[in-house]
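So the structure is just underneath, and the comments pick up after that.
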Amino acid sequence: MHQGNHRDHEGAKKLFDMIKDVKIAMMTTVDSDGTLNSRPMWNHDADENGDLWFFTKLHAPKTAEISRDNQINLAYSDPSSQNYVSVAGKAEIVRDRSIIDAKWQESLKTWFPKGKDDPEVALIRVHPEKGEYWDSPNSTMVHVYGYVKAALTGESPKTEVKKVDLA
């Protein structure tokens, strides 16, 4: 897989800043019959190249889906700040024990009670290719003002929308 730095593209810094504190991402994969499956995944910080990492069980439906079709989408939502991000990319299953050790946090025992040495513990690495974000003002007063403006003028409040090439 391509190992380029996804953080160097225009708009990428803002995109990664918007998702770094979001704790849950919805990961969408493609099932064998072509239907889409989404599930919540615990978000870890992007690495220095901008790859996104998620812990998983090795024999989970999502790992089988990624093995068949590695194109996935991640959706991030932070309603408190009105930030929304979508990231499309290619995923791979990683079983490297040194990477698992480096990324392991004790809180993961909730999903992996046997700990990081459980042979079922694996990682999903996502190499982002495209991203899009929606950044709206988050102040309550701005929302009230936006609502009043929309009601009076028919114009909706301004939201910054940007597509980012991350490949």
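Residues are referred to by chain and number: the chain letter is A, B, ... according to the order shown in the structure tokens, the number counts from 1 in that chain, and ligands are numbered separately from 1 in the order shown.
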List every residue of region 38-95 of chain A that has an atom at most 10 Å from any atom of region 17-27 of chain A, giving for each one its closest atom pair and the distance in Å to one decimal, counting only C-alpha atoms, sorted by chain and then by ascending residue number, as CSV.
residue,atom,partner,partner_atom,distance
A:Ser38,CA,A:Met27,CA,5.3
A:Arg39,CA,A:Met26,CA,5.3
A:Pro40,CA,A:Met26,CA,4.5
A:Met41,CA,A:Ala25,CA,5.3
A:Trp42,CA,A:Ile24,CA,4.8
A:Asn43,CA,A:Lys23,CA,5.1
A:His44,CA,A:Lys23,CA,7.6
A:Asp45,CA,A:Lys20,CA,5.7
A:Ala46,CA,A:Lys20,CA,7.4
A:Phe54,CA,A:Ala25,CA,9.6
A:Lys62,CA,A:Met27,CA,9.1
A:Ile72,CA,A:Met27,CA,7.0
A:Asn73,CA,A:Met27,CA,5.8
A:Leu74,CA,A:Met27,CA,4.6
A:Ala75,CA,A:Met26,CA,5.0
A:Tyr76,CA,A:Ala25,CA,5.0
A:Ser77,CA,A:Val22,CA,7.1
A:Asp78,CA,A:Val22,CA,6.5
A:Ser81,CA,A:Met18,CA,9.4
A:Asn83,CA,A:Met18,CA,6.7
A:Tyr84,CA,A:Met18,CA,7.9
A:Val85,CA,A:Ile19,CA,7.1
A:Ser86,CA,A:Ala25,CA,9.4
A:Val87,CA,A:Met27,CA,9.6
A:Ala88,CA,A:Met27,CA,9.8
| note | Between A:Ile100, A:Tyr133, A:Leu36, A:Lys109, smallest distance to Gln71 (chain A) by only C-alpha atoms belongs to A:Leu36
| Between CA of Trp53 (chain A) and CA of Ser32 (chain A), distance in Å (one decimal) | 23.3 Å
| task | For Asp33 (chain A), please output as a PyMOL selection string all residues within 12 Å (counting only C-alpha atoms; exclusion window: fewer than 2 positions along the same chain). | result | chain A and resi 29-31+35-37+65+68-69
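We find CA of Ser107 (chain A) and CA of Ile124 (chain A) to be spaced 17.7 Å apart.
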